[in-house]
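> This structure is in structure tokens; I'll ask about it shortly.
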Amino acid sequence: MIRIISDVHGATTALRRVVSEPGTLLILGDLINFIDYRDQTGIVSEVAGIGFVSDVVRLRSIGDYTGAGELWRNYSRGREEEFRARYSEAITAAYAEICAPLHATDGYVTYGNVDNPAVMQRFLPPSMRFIEADRIELDGEVFGIVGGGVTTINSPGEISDETMRQRLDAIGHVDVLCTHVAPAVRPLAADVVGGRAKGSLPVKEYIMRHQPRLHYFGDIHQPQAVSWRIGDTTCINVGYFRATGRVQVHDAG
């Protein structure tokens with residue numbers, strides 16, 4: 001059995017439940033909780049306070065990413081080193097906590113836009129293979145797994161469209177595509193709470209060209225649609241695990 005989740009965002013208790021069940025686990029990124037738009041908890045709240053987070057969420061929810069970025073810069077101006085150290089400490093602690101349950105299972109994990117891949121890999125157990133971009137065979141099907149989020153605020157896990165295209169080209173045709181990001185199809189890519197659409201044009205182009213049987217992805221927490229067809233490909237949103245606790249059991253077809 002192959003089980004797929006995305007956007008764990010620090011949901012350690014729910015993850016412990018999942019790893020106690022049989023099967024191979026695929027995690028499609030965003031292990032730590034940077035900002036939860038629902039209740040405004042997370043690493044940023046711990047470091048900068050919930051009032052600051054409320055202002056950031058308000059701006060990003062209306063699509064004002066420029067204003068949100070300026071708010072970040074103004075808040076930390078003159079204290080950059082202090083905040084850098086505090087964020088680093090909090091991120092390290094968050095990965096130590098969320099990766100601990102993974103020692104009880106086998107599987108694969110890639111990274112999303114809020115992840116720091118280098119720190120993540122320090123805490124992943126040997127039973128969970130980290131994949132930046134690769135092909136693997138599971139239950140007789142070829143899975144292509146490609147990490148990285150679309151560029152918005154230059155967080156460590158974001159990658160350019162050019163890099164995404166290179167990674168997709170490198171894996172070639174697969175039966176099942178797994179990415180953190182949604183394809184650039186508005187009902188799948190638009191978050192009705194978090195603001196503007198964050199779909200990937202390279203992912204959409206890959207699907208149209210190769211037509212994998214299935215495409216699993218996360219990133220969009222409150223999408224307009226959780227599934228959609230692009231030609232012969234069925235695209236399925238497997239997040240927001242932190243809020244739903246939902247596990248997608250792969251249909252072997």
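Residue numbers start at 1 in each chain; chains themselves are named A, B, ... in the order of the structure tokens; ligands are numbered from 1 in the order shown.
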Run DSSP on the backbone and grab whatever in region 25-67 of chain A lands in helix (DSSP H, G or I); send it over as a PyMOL selection string.
chain A and resi 43-48+50-61+65-67
> Can you list every residue of region 20-77 of chain A that has an atom at most 10 Å from region 163-183 of chain A, with its nearest atom pair and the distance in Å to one decimal, using only C-alpha atoms, ordered by chain then number, as a Markdown table?

| residue | atom | partner | partner_atom | distance |
| --- | --- | --- | --- | --- |
| A:Leu26 | CA | A:Cys178 | CA | 9.0 |
| A:Ile27 | CA | A:His180 | CA | 9.0 |
| A:Leu28 | CA | A:His180 | CA | 5.2 |
| A:Gly29 | CA | A:His180 | CA | 5.8 |
| A:Asp30 | CA | A:His180 | CA | 8.1 |
> Take the selection from the previous step and output its residues with C-alpha atoms, as a tab-separated table (two decimals), in the first residue's frame.

chain	number	residue	atom	x	y	z
A	26	LEU	CA	5.22	9.55	0.51
A	27	ILE	CA	5.42	13.08	1.95
A	28	LEU	CA	5.22	15.86	-0.60
A	29	GLY	CA	6.75	18.66	1.41
A	30	ASP	CA	6.14	21.42	3.96
> I want to know what sits within 12 Å of region 72-89 of chain A, based on only C-alpha atoms, with residues of the same chain fewer than 3 positions away left out; could you give that as number ranges by chain?
A: 34, 42-49, 51-53, 55-57, 59-60, 65-69, 92-96, 116, 118-119, 153
> When distances are computed from only C-alpha atoms, which of A:Ile131, A:Ala189, A:Val249, A:Ile207 shows the smallest separation from Ile220 (chain A)?
A:Ala189
> Please build the interface table for region 119-223 of chain A against region 97-102 of chain A with a cut-off of 9 Å, listing for each qualifying residue the nearest atom pair and the distance in Å to one decimal; count only C-alpha atoms, order rows by chain and increasing number, and write it as a Markdown table.

| residue | atom | partner | partner_atom | distance |
| --- | --- | --- | --- | --- |
| A:Met120 | CA | A:Cys99 | CA | 8.1 |
| A:Phe123 | CA | A:Cys99 | CA | 6.0 |
| A:Leu124 | CA | A:Cys99 | CA | 5.7 |
| A:Pro125 | CA | A:Leu102 | CA | 6.7 |
| A:Ser127 | CA | A:Leu102 | CA | 7.8 |
| A:Met128 | CA | A:Leu102 | CA | 7.1 |
> Keeping N, CA and C atoms, export the residues of the selection given above as a PDB file, in the first residue's frame.

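And here is the file that came out, result.pdb:
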ATOM      1  N   MET A 120      16.219  19.820   6.964  1.00  0.00           N
ATOM      2  CA  MET A 120      15.354  18.647   6.951  1.00  0.00           C
ATOM      3  C   MET A 120      16.170  17.361   6.872  1.00  0.00           C
ATOM      4  N   PHE A 123      17.708  15.590   9.942  1.00  0.00           N
ATOM      5  CA  PHE A 123      16.863  14.914  10.927  1.00  0.00           C
ATOM      6  C   PHE A 123      16.059  13.750  10.350  1.00  0.00           C
ATOM      7  N   LEU A 124      16.049  13.577   9.040  1.00  0.00           N
ATOM      8  CA  LEU A 124      15.320  12.450   8.469  1.00  0.00           C
ATOM      9  C   LEU A 124      16.025  11.137   8.800  1.00  0.00           C
ATOM     10  N   PRO A 125      15.277  10.111   9.177  1.00  0.00           N
ATOM     11  CA  PRO A 125      15.898   8.800   9.439  1.00  0.00           C
ATOM     12  C   PRO A 125      16.275   8.121   8.126  1.00  0.00           C
ATOM     13  N   SER A 127      15.342   5.435   6.988  1.00  0.00           N
ATOM     14  CA  SER A 127      14.182   4.755   6.393  1.00  0.00           C
ATOM     15  C   SER A 127      13.357   5.669   5.496  1.00  0.00           C
ATOM     16  N   MET A 128      13.554   6.983   5.603  1.00  0.00           N
ATOM     17  CA  MET A 128      12.832   7.942   4.771  1.00  0.00           C
ATOM     18  C   MET A 128      13.824   8.595   3.812  1.00  0.00           C
TER      19      MET A 128
END
> Using DSSP on the backbone coordinates, identify the residues of region 68-240 of chain A assigned to strand (DSSP E or B); present them as a PyMOL selection string.
chain A and resi 107-110+128-130+133-138+141-146+149+158+176-179+183+191+195+200+214-217+223+227-230+233-237
> Taking N, CA and C atoms for each residue, export the selection above as a short mmCIF file (atom, residue, chain, number, x, y, z; two decimals), in the first residue's frame.

data_model
loop_
_atom_site.label_atom_id
_atom_site.label_comp_id
_atom_site.auth_asym_id
_atom_site.auth_seq_id
_atom_site.Cartn_x
_atom_site.Cartn_y
_atom_site.Cartn_z
N GLY A 107 9.72 5.15 3.57
CA GLY A 107 9.10 5.92 2.52
C GLY A 107 10.02 6.94 1.90
N TYR A 108 9.42 7.95 1.36
CA TYR A 108 10.14 8.98 0.60
C TYR A 108 9.57 10.34 0.97
N VAL A 109 10.42 11.36 0.96
CA VAL A 109 9.97 12.70 1.29
C VAL A 109 10.68 13.70 0.39
N THR A 110 9.92 14.67 -0.09
CA THR A 110 10.51 15.79 -0.81
C THR A 110 10.19 17.05 -0.04
N MET A 128 13.55 6.98 5.60
CA MET A 128 12.83 7.94 4.77
C MET A 128 13.82 8.59 3.81
N ARG A 129 13.77 8.20 2.55
CA ARG A 129 14.72 8.72 1.56
C ARG A 129 14.28 10.10 1.09
N PHE A 130 15.21 11.05 1.16
CA PHE A 130 14.96 12.40 0.67
C PHE A 130 15.13 12.43 -0.84
N ALA A 133 14.60 15.39 -6.89
CA ALA A 133 13.93 15.09 -8.16
C ALA A 133 14.46 13.74 -8.64
N ASP A 134 13.56 12.77 -8.76
CA ASP A 134 14.01 11.43 -9.15
C ASP A 134 12.82 10.57 -9.56
N ARG A 135 13.15 9.43 -10.17
CA ARG A 135 12.17 8.40 -10.53
C ARG A 135 12.35 7.21 -9.58
N ILE A 136 11.24 6.67 -9.11
CA ILE A 136 11.30 5.46 -8.30
C ILE A 136 10.20 4.52 -8.78
N GLU A 137 10.40 3.22 -8.57
CA GLU A 137 9.38 2.25 -8.94
C GLU A 137 8.73 1.70 -7.68
N LEU A 138 7.41 1.78 -7.62
CA LEU A 138 6.63 1.29 -6.49
C LEU A 138 5.44 0.49 -7.01
N GLU A 141 4.69 0.55 -10.78
CA GLU A 141 4.50 1.82 -11.47
C GLU A 141 5.70 2.72 -11.24
N VAL A 142 5.98 3.57 -12.21
CA VAL A 142 7.07 4.54 -12.08
C VAL A 142 6.51 5.86 -11.55
N PHE A 143 7.04 6.28 -10.40
CA PHE A 143 6.67 7.55 -9.79
C PHE A 143 7.78 8.56 -10.05
N GLY A 144 7.41 9.75 -10.44
CA GLY A 144 8.35 10.86 -10.53
C GLY A 144 8.07 11.82 -9.39
N ILE A 145 9.07 12.09 -8.56
CA ILE A 145 8.91 12.98 -7.42
C ILE A 145 9.82 14.19 -7.61
N VAL A 146 9.22 15.37 -7.57
CA VAL A 146 9.98 16.61 -7.79
C VAL A 146 9.61 17.61 -6.70
N GLY A 149 8.90 24.70 -4.22
CA GLY A 149 7.70 25.52 -4.35
C GLY A 149 7.89 26.63 -5.34
N GLU A 158 11.73 27.49 -2.24
CA GLU A 158 11.21 27.94 -3.53
C GLU A 158 12.24 27.74 -4.63
N VAL A 176 3.08 8.11 -12.52
CA VAL A 176 2.50 8.94 -11.46
C VAL A 176 3.47 10.08 -11.15
N LEU A 177 3.01 11.31 -11.27
CA LEU A 177 3.83 12.48 -10.95
C LEU A 177 3.47 12.96 -9.55
N CYS A 178 4.47 13.24 -8.74
CA CYS A 178 4.28 13.78 -7.39
C CYS A 178 5.09 15.06 -7.25
N THR A 179 4.43 16.16 -6.96
CA THR A 179 5.11 17.43 -6.73
C THR A 179 4.53 18.08 -5.49
N PRO A 183 -0.45 22.26 -10.45
CA PRO A 183 -0.31 22.77 -11.82
C PRO A 183 -1.04 24.11 -11.94
N ASP A 191 -5.90 29.44 -3.71
CA ASP A 191 -6.26 29.23 -2.31
C ASP A 191 -7.31 30.27 -1.94
N GLY A 195 -4.92 33.74 -0.51
CA GLY A 195 -4.60 34.77 -1.50
C GLY A 195 -4.44 34.22 -2.90
N SER A 200 2.03 26.03 -10.89
CA SER A 200 3.28 25.96 -11.65
C SER A 200 2.96 25.70 -13.11
N LEU A 214 -1.70 9.78 -13.05
CA LEU A 214 -2.09 10.55 -11.87
C LEU A 214 -1.05 11.61 -11.56
N HIS A 215 -1.52 12.69 -10.98
CA HIS A 215 -0.63 13.71 -10.44
C HIS A 215 -1.08 14.03 -9.02
N TYR A 216 -0.21 13.79 -8.03
CA TYR A 216 -0.48 14.14 -6.65
C TYR A 216 0.31 15.39 -6.28
N PHE A 217 -0.30 16.29 -5.52
CA PHE A 217 0.38 17.52 -5.12
C PHE A 217 -0.25 18.06 -3.84
N PRO A 223 -8.22 24.83 -1.54
CA PRO A 223 -8.40 25.00 -2.98
C PRO A 223 -9.87 25.12 -3.37
N SER A 227 -9.68 17.97 -7.02
CA SER A 227 -9.25 17.11 -8.13
C SER A 227 -9.69 17.73 -9.44
N TRP A 228 -8.97 17.39 -10.51
CA TRP A 228 -9.22 17.99 -11.83
C TRP A 228 -8.55 17.11 -12.87
N ARG A 229 -9.10 17.09 -14.04
CA ARG A 229 -8.46 16.35 -15.13
C ARG A 229 -7.82 17.30 -16.12
N ILE A 230 -6.58 16.97 -16.48
CA ILE A 230 -5.89 17.65 -17.56
C ILE A 230 -5.65 16.59 -18.62
N THR A 233 -4.91 12.91 -17.50
CA THR A 233 -4.31 12.90 -16.16
C THR A 233 -5.29 13.39 -15.12
N THR A 234 -5.45 12.62 -14.05
CA THR A 234 -6.24 13.06 -12.90
C THR A 234 -5.31 13.68 -11.88
N CYS A 235 -5.53 14.95 -11.55
CA CYS A 235 -4.71 15.69 -10.59
C CYS A 235 -5.44 15.72 -9.25
N ILE A 236 -4.73 15.38 -8.17
CA ILE A 236 -5.36 15.25 -6.85
C ILE A 236 -4.55 16.00 -5.81
N ASN A 237 -5.20 16.91 -5.09
CA ASN A 237 -4.58 17.62 -3.97
C ASN A 237 -4.60 16.70 -2.74
#
> One decimal, in Å: what's the spacing between CA of Ala14 (chain A) and CA of Tyr37 (chain A)?
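About the pair CA of Ala14 (chain A) and CA of Tyr37 (chain A): they are 18.9 Å apart.
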> Take CA of Asp115 (chain A) and CA of Asn154 (chain A) and report the distance between them in Å, one decimal.
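Straight-line distance from CA of Asp115 (chain A) to CA of Asn154 (chain A) works out to 11.5 Å.
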> Write out as an NGL selection string which residues come within 7 Å of Gln248 (chain A) when counting only C-alpha atoms, dropping same-chain ones fewer than 4 positions away.
:A and (3-5 or 238)
> Tell me which of A:Phe241, A:Gly23, A:Ala190, A:Glu205 sits closest to Ser61 (chain A), counting only C-alpha atoms.
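For Ser61 (chain A), the nearest of the candidates is A:Ala190.
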